[in-house]
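Asks: Input structure: data25.txt, which contains compact mmCIF, C-alpha atoms.
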```txt
# COMPACT_ATOMS: atom_id res chain seq x y z
CA MET A 5 93.45 98.72 18.85
CA PRO A 6 96.41 101.15 18.69
CA THR A 7 99.92 99.71 19.02
CA ARG A 8 101.38 100.35 22.45
CA MET A 9 104.47 102.54 22.30
CA ILE A 10 107.45 102.33 24.69
CA GLN A 11 109.52 105.51 24.61
CA GLY A 12 108.56 106.14 20.98
CA LYS A 13 109.02 102.57 19.71
CA THR A 14 106.84 99.49 19.50
CA LEU A 15 107.87 96.34 21.35
CA ASP A 16 108.67 94.68 18.03
CA GLU A 17 110.94 97.58 17.10
CA TRP A 18 112.73 97.27 20.43
CA LYS A 19 113.21 93.54 19.86
CA ARG A 20 114.69 94.12 16.42
CA GLU A 21 117.10 96.67 17.88
CA LEU A 22 117.92 94.51 20.92
CA PRO A 23 117.40 90.82 20.05
CA ILE A 24 118.06 89.69 23.63
CA LEU A 25 114.71 91.28 24.54
CA SER A 26 112.88 88.37 22.93
CA GLU A 27 114.51 86.04 25.43
CA MET A 28 113.81 88.40 28.32
CA THR A 29 110.13 88.90 27.50
CA GLY A 30 109.84 85.12 27.26
CA PHE A 31 111.23 84.91 30.83
CA HIS A 32 114.33 83.00 29.71
CA GLU A 33 117.67 83.39 31.46
CA VAL A 34 120.16 85.63 29.67
CA PHE A 35 123.82 86.61 30.04
CA TRP A 36 124.33 90.18 28.83
CA THR A 37 127.76 91.76 28.52
CA ASN A 38 127.98 95.51 28.80
CA PRO A 39 129.12 97.23 25.56
CA LYS A 40 129.90 100.40 27.55
CA PHE A 41 132.27 98.61 29.93
CA GLN A 42 135.63 100.38 30.01
CA SER A 43 138.67 100.62 32.24
CA ASP A 44 138.71 104.28 33.14
CA SER A 45 135.52 106.23 33.68
CA GLU A 46 135.14 109.24 35.94
CA THR A 47 132.29 109.90 38.35
CA SER A 48 131.49 112.74 40.72
CA LEU A 49 132.37 110.47 43.67
CA THR A 50 135.95 109.48 44.50
CA ILE A 51 137.97 107.24 46.77
CA ASP A 52 138.13 110.17 49.21
CA ASP A 53 134.34 109.96 49.59
CA VAL A 54 134.59 106.24 50.36
CA ILE A 55 137.34 106.83 52.92
CA ASP A 56 135.26 109.59 54.52
CA ALA A 57 132.37 107.13 54.87
CA GLU A 58 134.67 104.54 56.46
CA LYS A 59 135.93 107.13 58.96
CA ARG A 60 132.34 108.02 59.91
CA LEU A 61 131.56 104.36 60.59
CA ALA A 62 134.72 104.21 62.74
CA ARG A 63 133.52 107.21 64.79
CA PHE A 64 130.23 105.46 65.47
CA ALA A 65 131.83 102.10 66.30
CA PRO A 66 131.94 102.72 70.10
CA TYR A 67 128.22 103.53 70.05
CA ILE A 68 127.41 100.47 67.91
CA ALA A 69 129.41 98.23 70.25
CA LYS A 70 127.54 99.62 73.26
CA VAL A 71 123.94 99.37 72.00
CA PHE A 72 124.33 96.21 69.90
CA PRO A 73 126.27 93.82 72.15
CA GLU A 74 126.65 91.28 69.34
CA THR A 75 129.11 93.70 67.70
CA ALA A 76 131.27 94.21 70.80
CA LYS A 77 133.71 91.43 69.91
CA ASP A 78 134.49 93.37 66.70
CA GLN A 79 134.61 96.74 68.51
CA GLY A 80 131.42 97.91 66.80
CA LEU A 81 132.54 97.09 63.28
CA ILE A 82 129.62 96.05 61.08
CA GLU A 83 131.29 93.53 58.80
CA SER A 84 130.68 90.06 57.42
CA PRO A 85 132.90 86.99 56.99
CA LEU A 86 134.36 85.79 53.71
CA PHE A 87 133.71 82.06 53.44
CA PHE A 88 135.81 79.69 51.33
CA ILE A 89 133.29 77.19 49.88
CA PRO A 90 135.19 74.39 48.06
CA LYS A 91 132.48 71.78 48.78
CA MET A 92 129.90 73.94 47.03
CA LEU A 93 132.26 74.22 44.06
CA GLU A 94 132.55 70.42 43.91
CA LYS A 95 128.77 70.09 44.04
CA LEU A 96 128.28 72.57 41.20
CA GLU A 97 130.87 70.84 39.04
CA ALA A 98 129.17 67.48 39.59
CA PHE A 99 125.69 68.91 39.03
CA TYR A 100 126.60 70.65 35.76
CA GLN A 101 129.29 68.14 34.72
CA ASN A 102 131.69 70.97 34.00
CA ASP A 103 134.98 72.28 35.40
CA PHE A 104 134.66 75.72 37.00
CA LEU A 105 138.23 76.97 37.20
CA GLY A 106 139.48 79.10 40.08
CA HIS A 107 138.50 79.40 43.74
CA LEU A 108 134.98 80.01 45.04
CA TYR A 109 134.07 82.21 48.01
CA LEU A 110 130.88 83.54 49.58
CA LYS A 111 130.78 87.06 51.01
CA GLY A 112 128.48 86.54 53.97
CA ASP A 113 126.51 89.77 54.15
CA SER A 114 123.74 87.39 55.17
CA HIS A 115 125.58 87.34 58.50
CA LEU A 116 126.06 91.08 58.96
CA PRO A 117 125.15 92.07 62.51
CA ILE A 118 122.08 94.13 63.44
CA SER A 119 119.92 93.48 60.35
CA GLY A 120 121.41 90.45 58.59
CA SER A 121 121.72 91.69 55.01
CA ILE A 122 123.79 93.86 52.68
CA LYS A 123 121.35 96.68 53.47
CA ALA A 124 122.99 96.97 56.89
CA ARG A 125 125.89 98.62 55.07
CA GLY A 126 124.10 101.43 53.28
CA GLY A 127 120.99 101.75 55.41
CA ILE A 128 122.70 101.94 58.76
CA TYR A 129 125.37 104.26 57.36
CA GLU A 130 122.82 106.78 56.08
CA VAL A 131 120.92 106.81 59.37
CA LEU A 132 124.18 107.39 61.27
CA LYS A 133 125.18 110.18 58.92
CA TYR A 134 121.86 111.95 59.45
CA ALA A 135 122.08 111.50 63.23
CA GLU A 136 125.61 112.92 63.23
CA GLU A 137 124.58 115.95 61.19
CA LEU A 138 121.69 116.72 63.56
CA ALA A 139 123.80 116.31 66.69
CA LEU A 140 126.65 118.43 65.32
CA ARG A 141 124.28 121.14 64.10
CA HIS A 142 122.71 121.42 67.58
CA ASN A 143 126.08 121.41 69.35
CA MET A 144 125.33 118.17 71.16
CA LEU A 145 128.34 116.41 69.68
CA SER A 146 131.81 117.13 68.33
CA LEU A 147 133.87 115.01 65.95
CA ASP A 148 136.41 114.42 68.73
CA ASP A 149 133.87 112.96 71.16
CA ASP A 150 133.55 109.31 72.11
CA TYR A 151 130.37 108.55 70.19
CA SER A 152 129.25 105.99 72.77
CA LEU A 153 127.68 108.98 74.54
CA LEU A 154 124.95 108.83 71.88
CA ALA A 155 123.46 105.99 73.90
CA GLU A 156 122.50 108.47 76.64
CA GLN A 157 118.81 109.21 77.13
CA ARG A 158 119.26 112.90 76.23
CA PHE A 159 120.16 111.91 72.68
CA LYS A 160 117.17 109.59 72.38
CA ASP A 161 114.95 112.41 73.59
CA PHE A 162 116.50 114.74 71.04
CA PHE A 163 116.19 112.35 68.09
CA SER A 164 112.57 111.57 69.03
CA GLY A 165 111.69 115.01 67.68
CA TYR A 166 112.65 113.80 64.19
CA SER A 167 111.37 111.09 61.87
CA ILE A 168 112.86 108.89 59.17
CA ALA A 169 110.94 107.31 56.28
CA VAL A 170 111.91 104.75 53.64
CA GLY A 171 110.29 102.62 50.95
CA SER A 172 111.40 99.00 50.89
CA THR A 173 110.76 95.43 49.75
CA GLY A 174 112.05 94.31 53.12
CA ASN A 175 115.76 94.31 53.97
CA LEU A 176 116.45 98.04 53.62
CA GLY A 177 113.42 98.62 55.82
CA LEU A 178 114.91 96.33 58.46
CA SER A 179 118.27 98.11 58.53
CA ILE A 180 116.75 101.61 58.54
CA GLY A 181 114.05 100.66 61.03
CA ILE A 182 116.24 98.87 63.56
CA MET A 183 119.00 101.51 63.56
CA SER A 184 116.67 104.52 63.57
CA ALA A 185 114.51 103.14 66.37
CA LYS A 186 117.59 102.37 68.47
CA LEU A 187 118.76 105.99 68.19
CA GLY A 188 115.30 107.25 69.14
CA PHE A 189 113.89 108.42 65.80
CA LYS A 190 110.29 107.85 64.84
CA VAL A 191 110.43 105.53 61.82
CA PHE A 192 108.02 104.87 58.95
CA VAL A 193 108.76 102.01 56.57
CA HIS A 194 106.61 101.85 53.44
CA MET A 195 106.55 98.19 52.37
CA SER A 196 105.65 96.90 48.92
CA ALA A 197 103.21 94.04 48.39
CA ASP A 198 105.97 91.44 47.94
CA ALA A 199 107.58 92.13 51.33
CA LYS A 200 107.59 89.07 53.60
CA GLN A 201 105.22 89.09 56.57
CA TRP A 202 107.97 88.15 59.04
CA LYS A 203 109.92 91.28 58.07
CA LYS A 204 106.88 93.46 58.73
CA ASP A 205 106.30 91.73 62.07
CA LEU A 206 109.93 92.15 63.15
CA LEU A 207 109.88 95.87 62.35
CA ARG A 208 106.70 96.38 64.34
CA GLU A 209 108.31 94.59 67.29
CA LYS A 210 111.10 97.19 67.13
CA GLY A 211 108.58 100.03 67.36
CA VAL A 212 108.61 100.91 63.65
CA VAL A 213 105.44 102.08 61.89
CA VAL A 214 105.00 99.78 58.89
CA VAL A 215 102.83 101.20 56.11
CA GLU A 216 101.70 98.43 53.76
CA HIS A 217 100.99 99.03 50.08
CA ALA A 218 99.28 96.78 47.54
CA SER A 219 101.66 98.01 44.83
CA ASP A 220 105.33 97.36 44.02
CA PHE A 221 108.63 98.81 45.25
CA SER A 222 108.57 101.98 43.13
CA ALA A 223 105.14 102.94 44.46
CA ALA A 224 106.21 102.28 48.07
CA VAL A 225 109.18 104.59 47.58
CA GLU A 226 106.95 107.28 46.10
CA HIS A 227 104.59 107.12 49.08
CA GLY A 228 107.51 107.45 51.48
CA ARG A 229 108.94 110.36 49.53
CA LYS A 230 105.57 112.15 49.57
CA GLN A 231 105.15 111.66 53.31
CA ALA A 232 108.59 113.10 54.02
CA SER A 233 108.03 116.09 51.75
CA GLU A 234 105.10 117.15 53.94
CA ASP A 235 107.06 117.12 57.22
CA PRO A 236 110.15 119.37 57.67
CA ASN A 237 111.38 117.15 60.51
CA MET A 238 111.17 113.93 58.48
CA TYR A 239 114.19 112.60 56.59
CA PHE A 240 113.63 110.34 53.59
CA VAL A 241 116.12 107.60 52.75
CA ASP A 242 115.79 107.41 48.98
CA ASP A 243 116.84 103.97 47.78
CA GLU A 244 116.51 105.16 44.18
CA SER A 245 118.96 108.05 44.34
CA SER A 246 120.85 108.29 47.62
CA LYS A 247 124.60 108.84 47.36
CA HIS A 248 124.86 108.22 51.13
CA LEU A 249 123.46 104.70 50.81
CA PHE A 250 125.78 104.22 47.85
CA LEU A 251 128.87 105.25 49.81
CA GLY A 252 127.89 103.07 52.76
CA TYR A 253 127.84 100.07 50.43
CA SER A 254 131.11 101.07 48.78
CA VAL A 255 133.05 100.80 52.06
CA ALA A 256 132.66 97.02 51.64
CA ALA A 257 135.39 97.11 48.99
CA LEU A 258 138.00 98.45 51.42
CA ARG A 259 137.03 95.75 53.92
CA LEU A 260 137.10 93.00 51.27
CA LYS A 261 140.59 94.01 50.18
CA LYS A 262 141.81 93.47 53.73
CA GLN A 263 140.03 90.09 54.01
CA LEU A 264 141.56 88.85 50.76
CA GLU A 265 145.02 89.93 51.91
CA GLU A 266 144.52 88.06 55.20
CA LYS A 267 143.70 84.92 53.19
CA ASN A 268 146.72 85.49 50.91
CA VAL A 269 144.45 85.85 47.88
CA LYS A 270 146.13 87.91 45.17
CA VAL A 271 144.22 90.19 42.80
CA ASP A 272 146.25 91.39 39.81
CA ASP A 273 146.59 90.84 36.06
CA GLN A 274 147.54 87.18 36.63
CA ASN A 275 144.89 86.64 39.34
CA PRO A 276 141.51 88.04 38.23
CA LEU A 277 138.64 88.65 40.64
CA PHE A 278 135.00 88.00 39.69
CA VAL A 279 132.19 89.28 41.89
CA TYR A 280 128.50 88.37 41.50
CA LEU A 281 125.97 90.74 43.06
CA PRO A 282 122.17 90.30 43.28
CA CYS A 283 120.41 93.46 42.05
CA GLY A 284 117.11 95.11 42.89
CA VAL A 285 116.96 98.86 42.36
CA GLY A 286 120.76 98.81 42.16
CA GLY A 287 122.02 100.60 45.27
CA GLY A 288 123.78 97.74 47.05
CA PRO A 289 125.48 96.15 44.04
CA GLY A 290 126.17 99.56 42.52
CA GLY A 291 127.92 100.86 45.63
CA VAL A 292 129.96 97.69 46.07
CA THR A 293 130.95 97.70 42.39
CA PHE A 294 131.98 101.36 42.58
CA GLY A 295 134.22 100.61 45.56
CA LEU A 296 135.66 97.45 44.02
CA LYS A 297 136.62 99.23 40.80
CA LEU A 298 138.33 101.97 42.82
CA VAL A 299 140.28 99.38 44.80
CA PHE A 300 141.05 96.72 42.17
CA GLY A 301 140.65 98.54 38.85
CA ASP A 302 140.79 96.36 35.73
CA HIS A 303 141.48 93.24 37.77
CA VAL A 304 137.89 92.94 39.09
CA HIS A 305 134.89 91.94 36.99
CA CYS A 306 131.49 92.72 38.53
CA PHE A 307 128.25 91.11 37.39
CA PHE A 308 124.71 91.92 38.56
CA ILE A 309 122.01 89.26 38.75
CA GLU A 310 118.27 89.87 38.47
CA PRO A 311 115.21 87.57 38.39
CA THR A 312 113.89 86.71 34.91
CA HIS A 313 110.65 88.41 35.97
CA SER A 314 112.31 91.63 37.27
CA PRO A 315 115.28 92.58 35.03
CA CYS A 316 114.93 96.33 35.59
CA MET A 317 118.62 97.31 35.71
CA LEU A 318 119.33 95.24 32.61
CA LEU A 319 116.53 97.02 30.74
CA GLY A 320 117.69 100.42 31.94
CA LEU A 321 121.32 99.90 30.94
CA MET A 322 120.64 98.04 27.71
CA THR A 323 118.24 100.68 26.37
CA GLY A 324 120.23 103.57 27.86
CA LEU A 325 116.96 104.89 29.30
CA HIS A 326 117.62 103.97 32.95
CA ASP A 327 114.59 104.90 35.10
CA GLU A 328 112.58 106.06 32.09
CA VAL A 329 111.53 102.44 31.43
CA SER A 330 110.01 99.73 33.60
CA VAL A 331 109.79 95.98 33.13
CA GLN A 332 105.99 96.19 33.07
CA GLU A 333 106.10 98.33 29.92
CA PHE A 334 107.81 95.42 28.16
CA GLY A 335 105.21 92.92 29.35
CA ILE A 336 107.38 91.54 32.18
CA ASP A 337 105.33 91.11 35.35
CA ASN A 338 107.86 91.85 38.16
CA LYS A 339 106.60 88.86 40.16
CA THR A 340 109.36 86.86 41.81
CA GLU A 341 110.09 84.84 44.95
CA ALA A 342 113.24 86.95 45.33
CA ASP A 343 111.45 89.70 47.24
CA GLY A 344 114.56 91.87 47.65
CA LEU A 345 115.01 91.89 43.87
CA ALA A 346 111.37 92.52 42.94
CA VAL A 347 111.91 95.95 41.41
CA GLY A 348 110.31 97.10 38.17
CA ARG A 349 112.18 100.37 37.59
CA PRO A 350 115.93 100.88 38.17
CA SER A 351 117.72 103.76 39.83
CA ALA A 352 118.91 106.36 37.33
CA PHE A 353 121.59 107.55 39.75
CA ILE A 354 123.04 104.06 40.11
CA GLY A 355 122.71 103.15 36.43
CA LYS A 356 124.47 106.29 35.24
CA THR A 357 127.19 106.02 37.89
CA ILE A 358 128.17 102.42 37.14
CA GLU A 359 127.21 102.02 33.48
CA ASN A 360 130.88 101.94 32.45
CA LYS A 361 132.05 99.86 35.42
CA ILE A 362 129.79 96.82 35.36
CA SER A 363 130.89 93.87 33.22
CA GLY A 364 127.42 92.47 32.62
CA ILE A 365 124.08 91.29 33.96
CA CYS A 366 122.60 87.80 34.18
CA THR A 367 119.02 86.82 34.88
CA VAL A 368 118.00 83.83 36.95
CA ASP A 369 114.89 81.69 37.09
CA ASP A 370 113.29 81.59 40.56
CA ASP A 371 113.47 77.79 40.82
CA LYS A 372 117.27 77.85 40.60
CA LEU A 373 117.47 80.10 43.65
CA PHE A 374 116.00 77.29 45.74
CA THR A 375 118.24 74.68 44.09
CA TYR A 376 121.35 76.64 45.06
CA LEU A 377 119.90 77.29 48.52
CA ALA A 378 119.64 73.56 49.21
CA MET A 379 123.06 72.88 47.66
CA LEU A 380 124.80 75.47 49.84
CA ALA A 381 123.04 74.26 52.97
CA ASP A 382 123.99 70.62 52.28
CA THR A 383 127.61 71.28 51.35
CA GLU A 384 128.67 74.19 53.56
CA GLY A 385 125.95 74.40 56.22
CA ILE A 386 125.19 77.99 55.22
CA TYR A 387 121.58 79.10 54.79
CA LEU A 388 120.67 82.17 52.71
CA GLU A 389 117.33 83.66 51.64
CA PRO A 390 116.41 82.91 48.00
CA SER A 391 117.44 86.27 46.49
CA ALA A 392 120.91 85.94 48.05
CA LEU A 393 121.66 82.81 45.99
CA ALA A 394 121.29 84.66 42.67
CA GLY A 395 125.04 85.07 42.17
CA PHE A 396 125.58 81.35 41.76
CA SER A 397 123.55 81.41 38.56
CA CYS A 398 125.77 84.01 36.92
CA TYR A 399 128.90 82.21 38.09
CA VAL A 400 127.64 79.07 36.33
CA GLN A 401 126.58 81.01 33.22
CA LEU A 402 130.02 82.61 32.90
CA PHE A 403 131.42 79.14 32.23
CA GLU A 404 128.40 77.51 30.56
CA SER A 405 126.98 80.17 28.22
CA MET A 406 128.36 81.30 24.88
CA ALA A 407 128.10 84.92 26.01
CA GLY A 408 130.08 84.15 29.15
CA GLN A 409 132.79 82.36 27.20
CA LYS A 410 132.93 85.26 24.75
CA TYR A 411 133.45 87.71 27.60
CA LEU A 412 136.32 85.64 28.98
CA SER A 413 137.95 85.55 25.56
CA GLU A 414 137.47 89.25 24.78
CA GLN A 415 138.91 90.25 28.17
CA ASN A 416 141.82 87.80 27.70
CA LEU A 417 140.92 86.06 30.95
CA LYS A 418 141.07 82.42 29.88
CA PRO A 419 144.85 81.97 30.36
CA ASN A 420 144.52 82.90 34.05
CA LEU A 421 141.20 81.34 35.02
CA GLU A 422 142.86 78.71 37.21
CA ASN A 423 144.23 81.56 39.36
CA GLY A 424 140.89 83.37 39.45
CA THR A 425 138.84 84.14 42.55
CA HIS A 426 135.04 84.13 42.35
CA ILE A 427 132.97 85.76 45.10
CA ILE A 428 129.24 85.21 45.38
CA TRP A 429 127.78 88.12 47.35
CA GLY A 430 125.36 86.50 49.83
CA THR A 431 123.07 89.44 50.48
CA GLY A 432 120.81 88.17 53.25
CA GLY A 433 119.26 85.32 55.16
CA SER A 434 120.40 85.03 58.77
CA MET A 435 117.22 86.66 60.10
CA VAL A 436 114.80 84.43 58.18
CA PRO A 437 112.59 82.50 60.66
CA GLU A 438 113.51 78.82 60.97
CA LYS A 439 110.10 77.62 59.74
CA GLU A 440 110.33 79.77 56.61
CA MET A 441 113.90 78.69 55.89
CA LYS A 442 112.90 75.04 56.20
CA GLN A 443 110.23 75.56 53.53
CA TYR A 444 112.80 77.20 51.23
CA TYR A 445 115.19 74.30 51.79
CA GLU A 446 112.56 71.62 51.15
CA ARG A 447 111.55 73.30 47.89
CA GLY A 448 115.16 73.32 46.79
CA LYS A 449 115.74 69.68 47.70
CA LYS A 450 112.97 68.63 45.31
CA THR A 451 115.03 69.97 42.41
CA LEU A 452 118.21 68.03 43.23
```
Written as structure tokens, that's how I'd like the structure from this file.

Replies:
Amino acid sequence: MPTRMIQGKTLDEWKRELPILSEMTGFHEVFWTNPKFQSDSETSLTIDDVIDAEKRLARFAPYIAKVFPETAKDQGLIESPLFFIPKMLEKLEAFYQNDFLGHLYLKGDSHLPISGSIKARGGIYEVLKYAEELALRHNMLSLDDDYSLLAEQRFKDFFSGYSIAVGSTGNLGLSIGIMSAKLGFKVFVHMSADAKQWKKDLLREKGVVVVEHASDFSAAVEHGRKQASEDPNMYFVDDESSKHLFLGYSVAALRLKKQLEEKNVKVDDQNPLFVYLPCGVGGGPGGVTFGLKLVFGDHVHCFFIEPTHSPCMLLGLMTGLHDEVSVQEFGIDNKTEADGLAVGRPSAFIGKTIENKISGICTVDDDKLFTYLAMLADTEGIYLEPSALAGFSCYVQLFESMAGQKYLSEQNLKPNLENGTHIIWGTGGSMVPEKEMKQYYERGKKTL
């Protein structure tokens, strides 16, 4: 039987070149630090692009406030709270019998209005951008208008002549589907096999056409892309390569800066910031990281977290091959309870854009997601979906693993760890049905 080749090398050759692969293919947790990480690295996108995206969201705020009443108290701003979680920190220290220096926060994108996940940032932004372009092009809108007029029936009638398609494991589909349907677009969401049934049901309730596939995320995206290519009036939201999604996510950094200032949290050379972001194809964490590095520079350290069974971004960055490799080629099955992170092939656009900005990537075993879920619920009364707990694992590994300790030493961070701020990015969970959340919680309690 001929030896299977992966981009011109055998698996054994890859393992000799990258020893950490042996741990990954054995489904063990790893803490990888990025050898390409550097302070200054240019990209084609700039802070001006992020500010432009923020201004667009501000233009749409009156419309958002009008059609989604839950946002009215914030004048149509789609933003999440920043929770201080000292009780969770105490629980982790007792559980691991270790001191985790600094202050621990949770960025509650699980509580974002409209679609209850980080995808509300990028997904809703891209839909709004497309709607604005159409309305401006057909002289139905000007940049000086009060955008609340988009709620009028004439706009819904207009947008109904256009369609939007997307491939998703769940949460991006929710944000695209809910926003697009509200504006009046016809919407097609191609869902991968691991998408939760309740997410499919919710989308159908909103009038979205859900197309189910027996394959994984990458195949669902490809089906959506093909459908859109055959219809000139259909717009495809490409989670693998969209700069609009990316910029929508990046606006979070400007908002976070303001929240930290309001809480009198300093970020500078004496007060480092660590941010832990769950990663699927890479769009959400990539966009947030891009924005954070623009805002905080060397003072922020961003880590991605992937399931041990779906470490696609880690493979792409580590090999330098990005979307030219998949986890399946390395014998990793891409089967995980963290449905939003169940991605076998990373985005080349994201990987190449942030490959010098990301500090490292950790992998997490599925069981730990449920352990942290129960811990957070018990200590802080906050309930997240399993994938959204991934950041806690990397936070722990930074202090517990040799690789994490080495990173802290090499970056000269140890002298200031007591002043450090750690933010776990809670990517989703508020829309999970109560029955389902109870099952998650009970599974986690069994591990405590």

Asks: Using all atoms listed in the file, which of A:Leu132, A:Leu116, A:Val225, A:Leu154 sits nearest Ser184 (chain A)?

Replies: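 Closest to Ser184 (chain A), using all atoms listed in the file: A:Leu132.
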
Asks: Rounded to one decimal, what separation in Å do you get between CA of Glu333 (chain A) and CA of Ala224 (chain A)?

Replies: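 Spanning CA of Glu333 (chain A) to CA of Ala224 (chain A) is a straight-line distance of 18.6 Å.
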
Asks: Using all atoms listed in the file, find the one residue out of A:Ile182, A:Ala394, A:Leu96, A:Met441 that sits nearest to Ile365 (chain A).

Replies: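 Nearest candidate to Ile365 (chain A) out of A:Ile182, A:Ala394, A:Leu96, A:Met441: A:Ala394.
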
Asks: Every residue with an atom at most 6 Å from (132.0, 104.5, 69.8) (file coordinates; all atoms listed in the file) is what I'm after, so could you write them as a PyMOL selection string?

Replies: chain A and resi 63-67+150-152

Asks: Set the distance at 9 Å and use all atoms listed in the file: which residues neighbour Phe163 (chain A) once local chain neighbours fewer than 2 positions away are removed? I'd like the list as a compact mmCIF listing (two decimals) with C-alpha atoms, in the frame of the given file.

Replies:
```
# COMPACT_ATOMS: atom_id res chain seq x y z
CA ALA A 135 122.08 111.50 63.23
CA LEU A 138 121.69 116.72 63.56
CA ALA A 139 123.80 116.31 66.69
CA ARG A 158 119.26 112.90 76.23
CA PHE A 159 120.16 111.91 72.68
CA LYS A 160 117.17 109.59 72.38
CA ASP A 161 114.95 112.41 73.59
CA GLY A 165 111.69 115.01 67.68
CA TYR A 166 112.65 113.80 64.19
CA SER A 167 111.37 111.09 61.87
CA LEU A 187 118.76 105.99 68.19
CA GLY A 188 115.30 107.25 69.14
CA PHE A 189 113.89 108.42 65.80
CA LYS A 190 110.29 107.85 64.84
```

Asks: Write out as a list in words the residues lying within 7 Å of Pro390 (chain A), counting all atoms listed in the file and excluding same-chain residues fewer than 3 positions away.

Replies: Ala342, Leu373, Phe374, Leu377 and Leu393 of chain A

Asks: Which residue is closest to Glu33 (chain A)? Choose from A:Ala76, A:Val331, A:Cys366, A:Leu402 and count all atoms listed in the file.

Replies: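 Nearest to Glu33 (chain A): A:Cys366.
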
Asks: Name all residues at most 10 Å from region 8-19 of chain A (count all atoms listed in the file; drop same-chain ones fewer than 6 positions away) and give them as a list in words.

Replies: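 Listed by chain and then number, they are Leu25, Ser26, Glu27, Met28, Thr29, Thr323, Leu325, Glu328, Val329, Ser330, Glu333, Phe334 and Gly335 of chain A.
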
Asks: What's the 8 Å shell around Ala256 (chain A), counting all atoms listed in the file, without same-chain residues fewer than 3 positions away, as a ChimeraX atom specification?

Replies: /A:125,252-253,259-260,292,295

Asks: In Å, how far is it from CA of Glu130 (chain A) to CA of Glu341 (chain A)?

Replies: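 If I compute the distance from CA of Glu130 (chain A) to CA of Glu341 (chain A), I get 27.7 Å.
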
Asks: So which one's closest to Asp52 (chain A), A:Leu258, A:Gly126, A:Gly171, A:Phe221? Using all atoms listed in the file, please.

Replies: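 Nearest to Asp52 (chain A): A:Leu258.
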
Asks: Find the distance between CA of Lys418 (chain A) and CA of Pro311 (chain A) and write it in Å to one decimal.

Replies: 27.7 Å

Asks: From the set A:Ser196, A:Gln42, A:Ser84, A:Gln274, which residue has the shortest atom-to-atom contact distance to Ile118 (chain A), counting only C-alpha atoms?

Replies: A:Ser84

Asks: Kindly indicate which residue among A:Ser222, A:Ala392, A:Val304, A:Lys356 lies nearest to Leu321 (chain A), using all atoms listed in the file for the distances.

Replies: A:Lys356

Asks: In the coordinates of the file, take the point (135.4, 106.9, 45.4) and a cut-off of 10 Å; then, counting only C-alpha atoms, name each qualifying protein, DNA or RNA residue as a list in words.

Replies: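 Residues satisfying the cut-off, written out: Glu46, Thr47, Ser48, Leu49, Thr50, Ile51, Asp52, Asp53, Val54, Ile55, Asp56, Ala57, Leu251, Ser254, Val255, Gly291, Phe294, Gly295, Leu296, Lys297, Leu298 and Val299 of chain A.
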
Asks: Identify, on the basis of only C-alpha atoms, every residue whose closest approach to Ser114 (chain A) does not exceed 6 Å; exclude the query and any residue fewer than 4 positions from it along the same chain; express the result as a list in words.

Replies: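 The filter keeps Gly120, Ser121, Gly430, Thr431, Gly432, Gly433 and Ser434 of chain A.
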